[in-house]
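The structure under discussion appears below in the form of C-alpha cells.
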Amino acid sequence: MMVSRERLITELFFFVLLFVGGYLVWQLLLPFLGALALSAIVVTICYPLHTYFKNRFPRLRPSLLSLMSVAVVFVVVIIPLILLSYLVLGEAVAIYSLFNSSSGGASFTHTVNQVELLARQFIPGFSIDMAHVARQTAQFFVEHLVVLFAGTASTLFLFFLALIGMYYFFKDGDYFAKYLIRLSPLNDTEDMHILNRMARAVRSVALGSVAVSLIQGLLTSVGLTIFGFERAILWGAIASIGALVPGVGTAIVIVPSVVYLIVTGAHLSALLLALWGVLAVGLIDNMIGPHLMSRGNNLHPFLVLIAVLGGIAKFGPLGFVLGPVILSFFLVIVELYHARSNYLNEVG
C-alpha cells in the first residue's frame with residue numbers, strides 16, 4: 001500500500017512539473033506561434049519540391065538543399081502573396097475611406113444602389129443595403145490584413161523567424177517527425193497515420209480548394225480590369241472567398257458587375273464579361289479543381305468554407321489554411337477513435 005501511495009505521489013509530482021514546464025514553454029512560444037505555424041504549413045506544402053532537390057542533387061549538403069528550397073518558396077510563393085495582400089489592403093482602405101468622406105461615400109452609395117434599383121425591376125420588393133455590405137466587406141479585409149503591414153519592425157522580425165523556421169523544417173523535418181513519434185504514447189502506425197493524413201490535408205486544402213479559389217479570384221480581377229472596373233483586386237479577393245461557397249462561387253462578384261454594365265448601357269461589355277465569367281472563371285472549378293483536389297483527402301466543401309472563415313476570424317490571413325488544418329486534425333483523431341472502438345468491440 002505504501003509503495004502504491006509513494007508511486008501515486010511521484011506520478012502526481014511529475015505531471016505537475018510537466019504541466020508547469022509545458023505552460024512556461026507555451027508562454028515562451030506564444031508570441032512566435034504565427035510565424036512557426038506559417039513556416040510549418042509552407043514546408044508541408046512544398047516538401048515534395050525539397051524531396052525533388054534531394055534526389056536531383058544528392059551530393060549537396062542538407063544545409064544547401066534547404067537554402068535552395070527556401071529561396072524558391074520565397075520567390076515563387078511568398079513574395080507574390082505579400083504583394084497581393086498589400087494591393088488588397090490598399091484597395092480595401094480606399095473603399096473604406098470613401099465612407100468617411102461625405103462626397104465620396106455618397107458617390108459610391110449612389111453607384112452601388114443603381115444595381116439594386118435594376119434588380120427591383122425584376123424582383124419587386126428586393127431590398128439589400130449593398131453600400132453597407134461593401135463597407136463591411138472592406139472593413140473585414142482592413143482589419144485582417146493590416147496586421148501584416150502594421151508595426152514594420154515586429155513584422156519583419158516574425159517574417160525573418162518564419163524563414164529560419166522553414167530552413168530548419170526543410171533540413172531537419174524528418175528528425176522532428178521521428179522525435180514526435182517517439183514521444184507519442186500511441187503506437188508508431190497510428191502516429192504515422194496522423195502525420196501523413198495531416199500532411200495530405202494541408203496539401204489538399206492549399207493546392208485544392210484554396211488554390212482554385214485564388215485562381216478564380218485572380219481571373220475575376222483580370223476580367224473586371226479589362227472592362228474598366230475600379231478596385232478590381234479587392235473584388236477579386238471577394239470572389240475568391242465566394243468561390244469557396246457551394247452554389248455561389250465568383251457569381252457573387254461577376255453577376256452584379258454584369259448588371260451594373262447593363263444599367264450604364266454598356267451592353268456589349270456586359271455580354272463579354274458574362275462570357276468571361278462562364279468560360280475563363282467558371283470552367284476553372286470544373287477543369288483544374290478536380291485535378292488538384294484529387295491529390296489529397298478532401299474535406300467537404302461546406303466544412304472547408306466554415307474552417308476557412310473561422311480560421312481567418314481567429315488567426316487572420318494565416319487562418320485561410322490553418323483553419324482547415326485544425327479541422328482535419330480533429331477529424332483524423334475522431335477516425336482513429338472510431339477505429340479503436342470497432343477493434344475493441346470485435347475483440348470483446
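Chain labels follow the order of the C-alpha cells: the first chain is A, the next B, and so on; residue numbering restarts at 1 in every chain, and ligands are counted from 1 in their shown order.
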
Query - 12 Å contact set for A:Arg56, only C-alpha atoms, chain neighbours under 6 positions out, as number ranges by chain - result: A: 49-50, 65

Would you save the residues from that selection as a PDB file, in the first residue's frame, using all heavy atoms?
```pdb
ATOM      1  N   LEU A  49       8.863  19.506 -53.276  1.00  0.00           N
ATOM      2  CA  LEU A  49       9.907  20.232 -54.001  1.00  0.00           C
ATOM      3  C   LEU A  49      11.273  19.976 -53.385  1.00  0.00           C
ATOM      4  O   LEU A  49      12.260  19.753 -54.092  1.00  0.00           O
ATOM      5  CB  LEU A  49       9.591  21.731 -53.989  1.00  0.00           C
ATOM      6  CG  LEU A  49      10.682  22.659 -54.525  1.00  0.00           C
ATOM      7  CD1 LEU A  49      10.848  22.449 -56.023  1.00  0.00           C
ATOM      8  CD2 LEU A  49      10.349  24.115 -54.214  1.00  0.00           C
ATOM      9  N   HIS A  50      11.326  19.994 -52.042  1.00  0.00           N
ATOM     10  CA  HIS A  50      12.593  19.725 -51.359  1.00  0.00           C
ATOM     11  C   HIS A  50      13.057  18.295 -51.625  1.00  0.00           C
ATOM     12  O   HIS A  50      14.267  18.052 -51.815  1.00  0.00           O
ATOM     13  CB  HIS A  50      12.418  19.961 -49.862  1.00  0.00           C
ATOM     14  CG  HIS A  50      13.675  19.802 -49.073  1.00  0.00           C
ATOM     15  ND1 HIS A  50      14.756  20.639 -49.213  1.00  0.00           N
ATOM     16  CD2 HIS A  50      14.026  18.883 -48.128  1.00  0.00           C
ATOM     17  CE1 HIS A  50      15.726  20.260 -48.393  1.00  0.00           C
ATOM     18  NE2 HIS A  50      15.311  19.194 -47.724  1.00  0.00           N
ATOM     19  N   LEU A  65      20.710  22.387 -49.666  1.00  0.00           N
ATOM     20  CA  LEU A  65      19.424  21.977 -50.222  1.00  0.00           C
ATOM     21  C   LEU A  65      18.282  22.741 -49.554  1.00  0.00           C
ATOM     22  O   LEU A  65      17.334  23.172 -50.221  1.00  0.00           O
ATOM     23  CB  LEU A  65      19.232  20.470 -50.028  1.00  0.00           C
ATOM     24  CG  LEU A  65      20.129  19.561 -50.871  1.00  0.00           C
ATOM     25  CD1 LEU A  65      19.976  18.110 -50.436  1.00  0.00           C
ATOM     26  CD2 LEU A  65      19.798  19.697 -52.349  1.00  0.00           C
TER      27      LEU A  65
END
```

Would you tabulate, counting only C-alpha atoms, all residues of stretch 20-49 of chain A that have an atom at most 12 Å from an atom of stretch 197-201 of chain A, showing the closest pair of atoms and their distance in Å to one decimal, sorted by chain then ascending number, as JSON lines?
```
{"residue": "A:Ala40", "atom": "CA", "partner": "A:Ala199", "partner_atom": "CA", "distance": 10.3}
{"residue": "A:Ile41", "atom": "CA", "partner": "A:Ala199", "partner_atom": "CA", "distance": 8.8}
{"residue": "A:Val42", "atom": "CA", "partner": "A:Ala199", "partner_atom": "CA", "distance": 10.8}
{"residue": "A:Val43", "atom": "CA", "partner": "A:Ala199", "partner_atom": "CA", "distance": 9.9}
{"residue": "A:Thr44", "atom": "CA", "partner": "A:Ala199", "partner_atom": "CA", "distance": 6.1}
{"residue": "A:Ile45", "atom": "CA", "partner": "A:Ala199", "partner_atom": "CA", "distance": 7.6}
{"residue": "A:Cys46", "atom": "CA", "partner": "A:Ala199", "partner_atom": "CA", "distance": 10.5}
{"residue": "A:Tyr47", "atom": "CA", "partner": "A:Ala199", "partner_atom": "CA", "distance": 9.6}
{"residue": "A:Pro48", "atom": "CA", "partner": "A:Ala199", "partner_atom": "CA", "distance": 10.9}
```

Selection to disk with all heavy atoms, as a PDB file, in the first residue's frame:
```
ATOM      1  N   ALA A  40       5.768  25.988 -40.824  1.00  0.00           N
ATOM      2  CA  ALA A  40       5.431  24.563 -40.866  1.00  0.00           C
ATOM      3  C   ALA A  40       4.453  24.254 -41.991  1.00  0.00           C
ATOM      4  O   ALA A  40       4.605  23.246 -42.703  1.00  0.00           O
ATOM      5  CB  ALA A  40       4.840  24.126 -39.522  1.00  0.00           C
ATOM      6  N   ILE A  41       3.468  25.122 -42.207  1.00  0.00           N
ATOM      7  CA  ILE A  41       2.486  24.901 -43.267  1.00  0.00           C
ATOM      8  C   ILE A  41       3.143  25.008 -44.641  1.00  0.00           C
ATOM      9  O   ILE A  41       2.922  24.169 -45.526  1.00  0.00           O
ATOM     10  CB  ILE A  41       1.330  25.910 -43.130  1.00  0.00           C
ATOM     11  CG1 ILE A  41       0.485  25.569 -41.903  1.00  0.00           C
ATOM     12  CG2 ILE A  41       0.456  25.914 -44.384  1.00  0.00           C
ATOM     13  CD1 ILE A  41      -0.579  26.600 -41.589  1.00  0.00           C
ATOM     14  N   VAL A  42       3.974  26.034 -44.833  1.00  0.00           N
ATOM     15  CA  VAL A  42       4.630  26.220 -46.126  1.00  0.00           C
ATOM     16  C   VAL A  42       5.552  25.040 -46.433  1.00  0.00           C
ATOM     17  O   VAL A  42       5.586  24.531 -47.563  1.00  0.00           O
ATOM     18  CB  VAL A  42       5.415  27.545 -46.149  1.00  0.00           C
ATOM     19  CG1 VAL A  42       6.269  27.641 -47.408  1.00  0.00           C
ATOM     20  CG2 VAL A  42       4.454  28.725 -46.082  1.00  0.00           C
ATOM     21  N   VAL A  43       6.298  24.582 -45.432  1.00  0.00           N
ATOM     22  CA  VAL A  43       7.205  23.457 -45.643  1.00  0.00           C
ATOM     23  C   VAL A  43       6.417  22.186 -45.959  1.00  0.00           C
ATOM     24  O   VAL A  43       6.816  21.402 -46.839  1.00  0.00           O
ATOM     25  CB  VAL A  43       8.096  23.248 -44.403  1.00  0.00           C
ATOM     26  CG1 VAL A  43       8.834  21.914 -44.486  1.00  0.00           C
ATOM     27  CG2 VAL A  43       9.100  24.383 -44.287  1.00  0.00           C
ATOM     28  N   THR A  44       5.301  21.972 -45.270  1.00  0.00           N
ATOM     29  CA  THR A  44       4.479  20.793 -45.547  1.00  0.00           C
ATOM     30  C   THR A  44       3.965  20.805 -46.978  1.00  0.00           C
ATOM     31  O   THR A  44       3.970  19.773 -47.669  1.00  0.00           O
ATOM     32  CB  THR A  44       3.290  20.729 -44.574  1.00  0.00           C
ATOM     33  OG1 THR A  44       3.781  20.685 -43.228  1.00  0.00           O
ATOM     34  CG2 THR A  44       2.442  19.491 -44.831  1.00  0.00           C
ATOM     35  N   ILE A  45       3.541  21.977 -47.447  1.00  0.00           N
ATOM     36  CA  ILE A  45       3.034  22.087 -48.816  1.00  0.00           C
ATOM     37  C   ILE A  45       4.141  21.877 -49.840  1.00  0.00           C
ATOM     38  O   ILE A  45       3.967  21.191 -50.852  1.00  0.00           O
ATOM     39  CB  ILE A  45       2.374  23.469 -49.020  1.00  0.00           C
ATOM     40  CG1 ILE A  45       1.148  23.612 -48.118  1.00  0.00           C
ATOM     41  CG2 ILE A  45       1.977  23.678 -50.484  1.00  0.00           C
ATOM     42  CD1 ILE A  45       0.572  25.014 -48.097  1.00  0.00           C
ATOM     43  N   CYS A  46       5.308  22.442 -49.562  1.00  0.00           N
ATOM     44  CA  CYS A  46       6.391  22.451 -50.550  1.00  0.00           C
ATOM     45  C   CYS A  46       7.432  21.363 -50.323  1.00  0.00           C
ATOM     46  O   CYS A  46       8.463  21.360 -51.022  1.00  0.00           O
ATOM     47  CB  CYS A  46       7.086  23.823 -50.535  1.00  0.00           C
ATOM     48  SG  CYS A  46       5.991  25.205 -50.883  1.00  0.00           S
ATOM     49  N   TYR A  47       7.201  20.459 -49.387  1.00  0.00           N
ATOM     50  CA  TYR A  47       8.203  19.437 -49.121  1.00  0.00           C
ATOM     51  C   TYR A  47       8.477  18.535 -50.324  1.00  0.00           C
ATOM     52  O   TYR A  47       9.617  18.081 -50.505  1.00  0.00           O
ATOM     53  CB  TYR A  47       7.808  18.598 -47.911  1.00  0.00           C
ATOM     54  CG  TYR A  47       8.996  17.909 -47.267  1.00  0.00           C
ATOM     55  CD1 TYR A  47       9.844  18.615 -46.414  1.00  0.00           C
ATOM     56  CD2 TYR A  47       9.289  16.573 -47.532  1.00  0.00           C
ATOM     57  CE1 TYR A  47      10.945  18.007 -45.841  1.00  0.00           C
ATOM     58  CE2 TYR A  47      10.390  15.964 -46.969  1.00  0.00           C
ATOM     59  CZ  TYR A  47      11.216  16.679 -46.125  1.00  0.00           C
ATOM     60  OH  TYR A  47      12.316  16.080 -45.567  1.00  0.00           O
ATOM     61  N   PRO A  48       7.481  18.226 -51.177  1.00  0.00           N
ATOM     62  CA  PRO A  48       7.814  17.468 -52.400  1.00  0.00           C
ATOM     63  C   PRO A  48       8.863  18.162 -53.258  1.00  0.00           C
ATOM     64  O   PRO A  48       9.671  17.486 -53.907  1.00  0.00           O
ATOM     65  CB  PRO A  48       6.463  17.372 -53.124  1.00  0.00           C
ATOM     66  CG  PRO A  48       5.453  17.405 -52.024  1.00  0.00           C
ATOM     67  CD  PRO A  48       6.024  18.365 -51.011  1.00  0.00           C
TER      68      PRO A  48
END
```

Query raised in the report: DSSP says helix (DSSP H, G or I) for which residues of stretch 160-262 of chain A? Put them as a VMD selection string?
Result: chain A and resid 160 to 183 188 to 226 232 to 243 251 to 262

Query - Closest of A:Val20, A:Ile194, A:Ala251, A:Leu331 to A:Leu180 - atom-to-atom distances counting only C-alpha atoms - result: A:Ile194

Query raised in the report: Skipping near chain neighbours, those fewer than 6 positions away, what residues fall within 9 Å of A:Leu158 using only C-alpha atoms, listed as a PyMOL selection string?
Result: chain A and resi 32+34-36

Just to be explicit: take each residue in the selection above, keep N, CA, C and O atoms, and write the result as a PDB file, in the first residue's frame.
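After the write, again.pdb holds the following:
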```pdb
ATOM      1  N   PHE A  32       5.454  33.790 -31.030  1.00  0.00           N
ATOM      2  CA  PHE A  32       6.001  33.391 -32.325  1.00  0.00           C
ATOM      3  C   PHE A  32       5.227  32.249 -32.968  1.00  0.00           C
ATOM      4  O   PHE A  32       5.675  31.693 -33.981  1.00  0.00           O
ATOM      5  N   GLY A  34       2.495  32.228 -34.678  1.00  0.00           N
ATOM      6  CA  GLY A  34       2.056  32.522 -36.036  1.00  0.00           C
ATOM      7  C   GLY A  34       3.152  32.272 -37.057  1.00  0.00           C
ATOM      8  O   GLY A  34       2.935  31.631 -38.090  1.00  0.00           O
ATOM      9  N   ALA A  35       4.374  32.759 -36.746  1.00  0.00           N
ATOM     10  CA  ALA A  35       5.496  32.570 -37.659  1.00  0.00           C
ATOM     11  C   ALA A  35       5.870  31.099 -37.778  1.00  0.00           C
ATOM     12  O   ALA A  35       6.139  30.599 -38.876  1.00  0.00           O
ATOM     13  N   LEU A  36       5.859  30.380 -36.655  1.00  0.00           N
ATOM     14  CA  LEU A  36       6.204  28.959 -36.690  1.00  0.00           C
ATOM     15  C   LEU A  36       5.155  28.148 -37.434  1.00  0.00           C
ATOM     16  O   LEU A  36       5.484  27.230 -38.199  1.00  0.00           O
TER      17      LEU A  36
END
```

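Across A:Ser204, A:Ser4, A:Ser63, A:Thr264, the tightest approach to A:Phe169 is made by A:Ser63 when counting only C-alpha atoms.
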
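Contact shell of A:Leu273 at 8 Å (only C-alpha atoms; same-chain neighbours under 5 positions omitted): Gly223, Leu224, Phe227, Ile254 and Val258 of chain A.
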
Output for the residues just chosen: C-alpha atoms as a CSV table (one decimal), in the first residue's frame:
```
chain,number,residue,atom,x,y,z
A,223,GLY,CA,-11.9,40.4,-66.3
A,224,LEU,CA,-13.0,43.4,-64.2
A,227,PHE,CA,-13.9,46.1,-68.6
A,254,ILE,CA,-19.5,38.7,-61.7
A,258,VAL,CA,-22.7,42.5,-65.4
```
